[in-house]
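Structure record follows, encoded as structure tokens.
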Amino acid sequence: MKIQKYLFTFVVVVIFIFLLVSPANAVTSARSGLMLWFKVLLPTLLPFMIISKLLIELNAISCLTFLFSSFFKKFFNLSKSGTFVLMTGFLCGYPMGAKLISELYKHKQISHEESCYLLTFCNNLSPMFISSFLTVSCFDAPELLPYVILIIYGTPMIYALITQPLFRRKCAMEPPVLVPPKPFRKLDFEIIDTAIMDSFTQITKLGGYVILFSIISGIFLSFSLPAPLLSLLTGIIEITTGINYITVQGFSLQMRFFFSTPLCVFGGLSGLMQTYSMIKDSGLPFLPYLTAKLIQTGLSYVLTLFFLHNIL
């Protein structure tokens, strides 16, 4: 615990020194993070945050899950609320999966076991980010989209299938105690106001994390390090900054594919902290999520090497 405390203190001191010694680079990095939040996260995530909050408050989740709940119940042992998390977590991107898990767990619509299980694979990059930013802007090869989707979304699904028997065993040992589904609530302005304010609070918090980690990436970019090492470091810190740096380095398509795709599975330290900020008040453990992400990243490198050898 002391090591963690000293590490965080050291990072904060380094950032403060960077702000004093290199204000121009710090401002550029902070502006980059702010624009990422303003142009990407705010318009893509905020509407989903508001609508998903309304669906939860109105007890209307079943309206979206009735077509798929039986399928995911059979293969993943998920409840209807768990199916909603899976669908939204894959479609909306970081950290919507974690936010919904936390919200539904607090409302006792999913159990502790199902929450921990969902958290390990339902928090990923959005299809919009993958199709537009990664395959078009970074790879300049839209034809690679099916392979990229297979790696980035296939690895968490493989992990979920492998760990699913353990989840079933835990559920059999400790049957979940959940609140029975409630009837639909009537929509009123109080519910809308609560959903909007809660969503703005969460999206503002995410913006702070993105700016902070963009500044940390800027610290590394100010050093004269080899381009492949900088690509890896910036991608580990903040995925969008890292991929953007990989794009402008003039690497071959194979190199860009090798660096970027597994980093997207990992999500970056910024993504990890955004996820932690979503679940910290719920009491759900963060370590299983981190462990799952590391395992999935390793698996994605295996799949990436396979596609590099057979496709590119």
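Every chain in the structure tokens has a letter given in the order shown (A, B, ...), and although residue numbers restart at 1 in each chain, ligands are simply numbered from 1 in the order shown.
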Problem set entry | Long-range neighbours of A:Phe76 as a list in words, 7 Å cut-off, only C-alpha atoms, 3 positions minimum in chain |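 Everything that qualifies: Phe72, Lys73, Leu161 and Gln164 of chain A.
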Exercise. With distances taken over only C-alpha atoms, which of A:Tyr153, A:Phe8, A:Tyr117, A:Phe90 is nearest to A:Cys171?
Worked result: A:Tyr117
Exercise. Among stretch 8-255 of chain A, which ones does DSSP place in alpha helix (DSSP H), written as a ChimeraX atom specification?
Worked result: /A:8-21,23-36,42-57,62-65,69-76,80-92,96-106,112-119,127-128,145-173,189-221,227-237,239-248,253-255
For this session: Check the smallest atom-to-atom distance from each of A:Lys99, A:Lys205, A:Lys74, A:Arg256 to A:Gly235 using only C-alpha atoms, then report the winner.
Result: A:Arg256
Exercise. If we count only C-alpha atoms, what is near A:Cys122 at a cut-off of 8 Å, once residues fewer than 5 positions away on the same chain are taken out, given as a list of chain:residue names?
Worked result: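 The residues that qualify are A:Val85, A:Leu86, A:Gly89, A:Phe90, A:Gly97, A:Ala98, A:Pro156.
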Write to file, as a short mmCIF file (atom, residue, chain, number, x, y, z; two decimals), in the first residue's frame, the residues of the selection just made, with N, CA and C atoms.
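Ended up saving to out.cif:
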data_model
loop_
_atom_site.label_atom_id
_atom_site.label_comp_id
_atom_site.auth_asym_id
_atom_site.auth_seq_id
_atom_site.Cartn_x
_atom_site.Cartn_y
_atom_site.Cartn_z
N VAL A 85 -26.27 -5.25 -20.57
CA VAL A 85 -24.90 -4.78 -20.35
C VAL A 85 -24.00 -5.24 -21.49
N LEU A 86 -24.10 -6.50 -21.86
CA LEU A 86 -23.25 -7.04 -22.92
C LEU A 86 -23.48 -6.28 -24.23
N GLY A 89 -22.31 -2.57 -23.73
CA GLY A 89 -20.88 -2.48 -23.51
C GLY A 89 -20.09 -2.66 -24.78
N PHE A 90 -20.55 -3.54 -25.66
CA PHE A 90 -19.85 -3.76 -26.92
C PHE A 90 -20.15 -2.69 -27.95
N GLY A 97 -19.78 -0.06 -20.44
CA GLY A 97 -20.02 -1.37 -19.84
C GLY A 97 -19.87 -1.33 -18.34
N ALA A 98 -18.77 -0.72 -17.87
CA ALA A 98 -18.52 -0.63 -16.43
C ALA A 98 -19.59 0.23 -15.74
N PRO A 156 -12.24 -10.97 -25.85
CA PRO A 156 -13.06 -10.98 -24.62
C PRO A 156 -14.15 -12.05 -24.65
#
